[in-house]
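Structure first, then comments.
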Amino acid sequence: MDALSQRALALLTAALWVVAACTVAWCVARGASGADRRLDARALVLAGQAWLQRESPYDAEAYSRLWEQELQSPRPDAFVFAYPPSTALVLAPLALPGVAAGLGLLDALNLIALAFALVLCARLGGDPAPREWRGAARAAALALAASCGAISGTLLIGQTSLWALAALLWLWRSSAADELRTSTVLAIAVVAMKPSLTLPLLCFLAVLRPWTVAWAAALSLAVCAIVAAATSDAALPIEWLRAVAAYAATPANAPAELASAQHLMARLGPAVPGWPLVLAGALAAAAVGWSARGMRERDALDEHWIAAVALSLACSPAHGYDLVLAAPLAALLLRVRPGAWPWYGLGVLAVARPSALGRAAAVLGGGDPLELERWASALGVALLAIGACSGLVLGIRYLRPFSLLTHARVA
């Protein structure tokens with residue numbers, strides 16, 4: 001590369017990093033203020049406060065009393081703590097300085113998780129590029145990942161989706177190295193932070209890395225036993241399952257309110273329950289994991305991870321803020337070959353910017369923008385899941401995101 005080309009590349013790289021920095025700043029600024037500020041963060045920090053007082057956050061009476069005591073307002077029925085006991089244990093230190101300070105600490109941890117996740121997204125999308133283009137590719141991948149609209153919403157309400165995204169990306173990058181201890185901890189982190197999205201991912205990992213899931217399950221049960229003993233609550237697992245059932249029955253979790261393919265099912269067949277779709281996603285993810293066994297090539301593993309993440313978003317009861325898990329799929333747009341763009345590019349666009357598509361559809365054809373936004377995200381995750389799985393499990397080579405070649409396996 002001559003001096004003129006090097007200078008042009010340096011200017012392009014600098015411009016892309018400026019765009020990436022502006023995109024990240026815009027994303028964080030949008031999540032810093034709004035009507036729903038810390039909407040879900042309150043329930044999370046109060047669960048940690050409950051453990052500190054040796055009370056169960058799954059006890060509706062005790063949780064309501066603590067809510068009124070700390071927030072000076074009655075607890076809304078929709079706010080039920082339905083995370084695993086390990087999540088409340090992780091959140092307990094945040095409540096040590098008090099609930100108000102804990103909310104600030106949760107905001108800070110969300111920003112740290114976002115920074116870590118965006119760095120991993122940049123490396124995921126840019127590292128395979130030639131050395132001289134790697135800086136520009138990383139900057140472009142960072143900008144694409146940060147443009148995912150769900151990130152701002154997650155920062156605004158104080159959800160744990162960014163923690164799950166950071167753990168998922170680290171697990172993604174370590175999956176080729178058989179790092180059992182690291183993978184085990186990360187698998188627990190993903191499940192603890194977003195249990196509603198994990199069944200397809202767990203089935204994928206259970207086939208791809210069986211010992212990872214086995215150790216994660218054993219350690220999670222041990223944590224549950226320790227917390228139960230510390231709180232003198234032997235019925236803790238049953239209380240958690242009851243809380244999950246109560247949370248699923250709230251209006252906010254009705255299938256028609258979700259951003260996943262369950263929204264499509266609710267609109268096309270209101271009487272059809274959501275669990276068959278979750279089960280179908282789990283079985284498909286297990287098939288994807290079986291297809292990935294023995295593979296060590298980066299492109300091959302990345303194609304299988306794309307399918308697993310898309311299945312989790314499409315088949316699980318995902319809300320709009322859960323679409324942050326699509327950030328790595330957006331970062332990979334630079335690596336996708338042109339033949340896969342009709343399904344991959346449109347799918348990522350619909351998942352990353354469903355609000356823009358919803359508003360555009362409302363202007364052109366009328367209708368409720370929020371409802372059209374859910375339609376866009378649901379169609380997007382369905383398109384990604386169907387395209388990714390068709391390329392891998394059904395062997396439709398022209399749908400493969402990265403390569404038409406048959407990938408080699410390690411015996």
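So you can find residues: chains in the structure tokens are A, B, ... in the order shown, residues in each start at 1, and ligands are numbered from 1 in order.
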
Neighbours of range 327-344 of chain A within 9 Å (only C-alpha atoms; same-chain residues fewer than 6 positions away dropped), as a short mmCIF file (atom, residue, chain, number, x, y, z; two decimals) with N, CA and C atoms, in the first residue's frame?
```cif
data_model
loop_
_atom_site.label_atom_id
_atom_site.label_comp_id
_atom_site.auth_asym_id
_atom_site.auth_seq_id
_atom_site.Cartn_x
_atom_site.Cartn_y
_atom_site.Cartn_z
N ALA A 117 -19.38 -4.90 26.43
CA ALA A 117 -20.10 -5.57 25.34
C ALA A 117 -19.76 -4.93 23.99
N LEU A 118 -19.68 -3.61 23.94
CA LEU A 118 -19.38 -2.93 22.67
C LEU A 118 -17.96 -3.22 22.22
N LEU A 120 -16.35 -6.02 22.79
CA LEU A 120 -16.39 -7.38 22.25
C LEU A 120 -17.09 -7.41 20.89
N CYS A 121 -18.13 -6.58 20.73
CA CYS A 121 -18.81 -6.51 19.42
C CYS A 121 -17.86 -5.98 18.35
N ALA A 122 -17.07 -4.97 18.71
CA ALA A 122 -16.13 -4.40 17.74
C ALA A 122 -15.09 -5.45 17.33
N ARG A 123 -14.63 -6.22 18.29
CA ARG A 123 -13.64 -7.26 17.96
C ARG A 123 -14.28 -8.40 17.18
N LEU A 124 -15.51 -8.73 17.51
CA LEU A 124 -16.20 -9.80 16.81
C LEU A 124 -16.40 -9.45 15.34
N GLY A 125 -16.76 -8.20 15.07
CA GLY A 125 -17.02 -7.81 13.70
C GLY A 125 -15.79 -7.38 12.93
N GLY A 126 -14.72 -6.90 13.64
CA GLY A 126 -13.59 -6.32 12.93
C GLY A 126 -12.32 -7.13 12.90
N PRO A 128 -11.50 -10.27 12.05
CA PRO A 128 -11.14 -11.07 10.88
C PRO A 128 -10.69 -10.26 9.67
N ALA A 129 -10.83 -8.95 9.70
CA ALA A 129 -10.42 -8.12 8.57
C ALA A 129 -8.91 -8.13 8.42
N ALA A 137 -12.52 -1.51 10.41
CA ALA A 137 -13.57 -2.52 10.56
C ALA A 137 -14.10 -2.55 11.99
N ARG A 138 -13.22 -2.42 12.97
CA ARG A 138 -13.67 -2.39 14.37
C ARG A 138 -14.54 -1.17 14.63
N ALA A 140 -16.38 0.50 12.48
CA ALA A 140 -17.67 0.33 11.82
C ALA A 140 -18.54 -0.68 12.58
N ALA A 141 -17.93 -1.78 13.06
CA ALA A 141 -18.68 -2.77 13.83
C ALA A 141 -19.21 -2.17 15.13
N LEU A 142 -18.40 -1.34 15.78
CA LEU A 142 -18.83 -0.67 17.01
C LEU A 142 -20.01 0.24 16.74
N ALA A 143 -19.95 1.02 15.67
CA ALA A 143 -21.06 1.91 15.34
C ALA A 143 -22.33 1.13 15.04
N LEU A 144 -22.21 0.02 14.32
CA LEU A 144 -23.38 -0.79 14.00
C LEU A 144 -24.00 -1.38 15.27
N ALA A 145 -23.16 -1.89 16.18
CA ALA A 145 -23.67 -2.48 17.42
C ALA A 145 -24.35 -1.43 18.29
N ALA A 146 -23.73 -0.23 18.39
CA ALA A 146 -24.28 0.83 19.25
C ALA A 146 -25.56 1.41 18.69
N SER A 147 -25.80 1.22 17.39
CA SER A 147 -27.03 1.75 16.79
C SER A 147 -28.26 0.91 17.11
N CYS A 148 -28.07 -0.20 17.80
CA CYS A 148 -29.20 -1.05 18.21
C CYS A 148 -30.07 -0.26 19.19
N ALA A 150 -32.48 -0.89 21.18
CA ALA A 150 -32.86 -1.43 22.48
C ALA A 150 -31.86 -1.06 23.56
N ILE A 151 -30.64 -0.69 23.21
CA ILE A 151 -29.63 -0.36 24.22
C ILE A 151 -30.09 0.84 25.04
N LEU A 165 -25.82 -9.60 27.88
CA LEU A 165 -25.16 -9.43 26.59
C LEU A 165 -23.65 -9.55 26.74
N LEU A 169 -21.44 -12.53 25.02
CA LEU A 169 -20.37 -12.28 24.07
C LEU A 169 -19.05 -12.91 24.52
N ILE A 306 -24.83 -17.25 15.74
CA ILE A 306 -25.88 -16.40 15.17
C ILE A 306 -27.22 -17.10 15.24
N VAL A 309 -28.47 -17.36 19.00
CA VAL A 309 -28.97 -16.08 19.53
C VAL A 309 -30.29 -15.71 18.86
N ALA A 310 -30.38 -15.92 17.54
CA ALA A 310 -31.63 -15.60 16.83
C ALA A 310 -32.78 -16.46 17.33
N ALA A 352 -32.85 -4.17 15.03
CA ALA A 352 -32.06 -3.09 15.61
C ALA A 352 -32.82 -1.77 15.64
N GLY A 380 -38.52 -9.49 12.25
CA GLY A 380 -37.06 -9.49 12.12
C GLY A 380 -36.42 -10.69 12.79
N LEU A 383 -37.20 -13.85 10.86
CA LEU A 383 -36.41 -13.94 9.63
C LEU A 383 -34.98 -14.38 9.93
N LEU A 384 -34.38 -13.82 10.98
CA LEU A 384 -33.02 -14.20 11.35
C LEU A 384 -32.94 -15.66 11.77
N ILE A 386 -35.05 -18.20 11.06
CA ILE A 386 -35.33 -19.12 9.95
C ILE A 386 -34.16 -19.15 8.98
N GLY A 387 -33.61 -17.98 8.64
CA GLY A 387 -32.49 -17.94 7.71
C GLY A 387 -31.25 -18.63 8.25
N ALA A 388 -30.90 -18.35 9.51
CA ALA A 388 -29.70 -18.94 10.09
C ALA A 388 -29.83 -20.46 10.23
N TYR A 398 -26.68 -21.59 0.35
CA TYR A 398 -26.72 -20.21 -0.12
C TYR A 398 -27.29 -19.25 0.93
N LEU A 399 -27.77 -19.80 2.05
CA LEU A 399 -28.23 -18.95 3.16
C LEU A 399 -27.15 -18.77 4.22
N ARG A 400 -26.01 -19.42 4.05
CA ARG A 400 -24.94 -19.28 5.04
C ARG A 400 -24.43 -17.84 5.06
N PRO A 401 -24.27 -17.25 6.25
CA PRO A 401 -23.87 -15.84 6.31
C PRO A 401 -22.47 -15.55 5.79
N PHE A 402 -21.53 -16.49 5.99
CA PHE A 402 -20.14 -16.16 5.72
C PHE A 402 -19.51 -16.91 4.56
N SER A 403 -19.86 -18.17 4.36
CA SER A 403 -19.12 -18.96 3.38
C SER A 403 -20.01 -20.02 2.78
#
```

- Selection near range 316-324 of chain A, 6 Å with only C-alpha atoms, sequence-local residues under 5 positions removed, as a ChimeraX atom specification: /A:150-151,153-154,161,197,258-260,278

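Closest approach to Gln6 in chain A among A:Gly104, A:Leu39, A:Pro210, A:Trp133: A:Trp133, based on only C-alpha atoms.
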
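The residue that comes closest to Asp77 in chain A, out of A:Leu162, A:Leu313, A:Leu202, A:Ala43 and on the basis of only C-alpha atoms, is A:Ala43.
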
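Interatomic distance, CA of Arg30 in chain A against CA of Asp107 in chain A: 13.6 Å.
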
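Here CA of Arg296 in chain A is placed at a distance of 15.2 Å from CA of Val207 in chain A.
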
- So which one's closest to Asp299 in chain A, A:Asp127, A:Gly48, A:Thr13, A:Leu109? Using only C-alpha atoms, please. A:Asp127

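Closest approach to Glu239 in chain A among A:Val80, A:Leu268, A:Ala113, A:Ala385: A:Val80, based on only C-alpha atoms.
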
Excluding same-chain residues fewer than 3 positions from Ala92 in chain A, what lies within 7 Å of it counting only C-alpha atoms, as a PDB file with C-alpha atoms, in the first residue's frame?
```pdb
ATOM      1  CA  GLY A  48     -31.043  -7.321  46.993  1.00  0.00           C
ATOM      2  CA  GLN A  49     -32.289  -5.263  49.943  1.00  0.00           C
ATOM      3  CA  TRP A  51     -31.789 -10.568  51.049  1.00  0.00           C
ATOM      4  CA  LEU A  52     -29.836  -8.178  53.281  1.00  0.00           C
ATOM      5  CA  ALA A  88     -30.756 -11.471  44.029  1.00  0.00           C
ATOM      6  CA  LEU A  89     -27.527 -12.617  45.667  1.00  0.00           C
ATOM      7  CA  ALA A  95     -28.273  -2.338  48.268  1.00  0.00           C
ATOM      8  CA  LEU A  96     -25.662  -2.103  51.041  1.00  0.00           C
TER       9      LEU A  96
END
```

- Message: Residues within 12 Å of Leu9 in chain A, please, as an MDAnalysis selection string. Count only C-alpha atoms; anything in the same chain fewer than 3 positions from it doesn't count.
- Response: chainID A and resid 1:6 12:16 131:137

Please produce a file of those selected residues containing C-alpha atoms, as a short mmCIF file (atom, residue, chain, number, x, y, z; two decimals), in the first residue's frame.
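Dumped to part16.cif:
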```cif
data_model
loop_
_atom_site.label_atom_id
_atom_site.label_comp_id
_atom_site.auth_asym_id
_atom_site.auth_seq_id
_atom_site.Cartn_x
_atom_site.Cartn_y
_atom_site.Cartn_z
CA MET A 1 0.00 0.00 0.00
CA ASP A 2 1.52 3.32 -1.07
CA ALA A 3 1.74 6.44 1.10
CA LEU A 4 -1.34 8.06 -0.45
CA SER A 5 -3.46 4.98 0.15
CA GLN A 6 -2.21 4.72 3.72
CA LEU A 12 -11.27 6.83 6.81
CA THR A 13 -10.41 5.01 10.03
CA ALA A 14 -10.43 8.28 12.02
CA ALA A 15 -13.77 9.29 10.51
CA LEU A 16 -15.29 5.91 11.37
CA ARG A 131 -4.49 -6.09 9.46
CA GLU A 132 -4.39 -2.72 7.69
CA TRP A 133 -8.20 -2.54 7.64
CA ARG A 134 -8.77 -3.84 11.16
CA GLY A 135 -9.07 -0.45 12.84
CA ALA A 136 -11.66 0.76 10.35
CA ALA A 137 -13.57 -2.52 10.56
#
```

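Nearest to Leu91 in chain A of all the residues A:Gln262, A:Thr160, A:Ser152, A:Ser355 is A:Thr160, counting only C-alpha atoms.
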
- Interatomic distance (Å, one decimal) between CA of Ala307 in chain A and CA of Leu325 in chain A: 12.3 Å

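Nearest to Ser86 in chain A of all the residues A:Gly345, A:Gly34, A:Pro130, A:Pro195 is A:Pro195, counting only C-alpha atoms.
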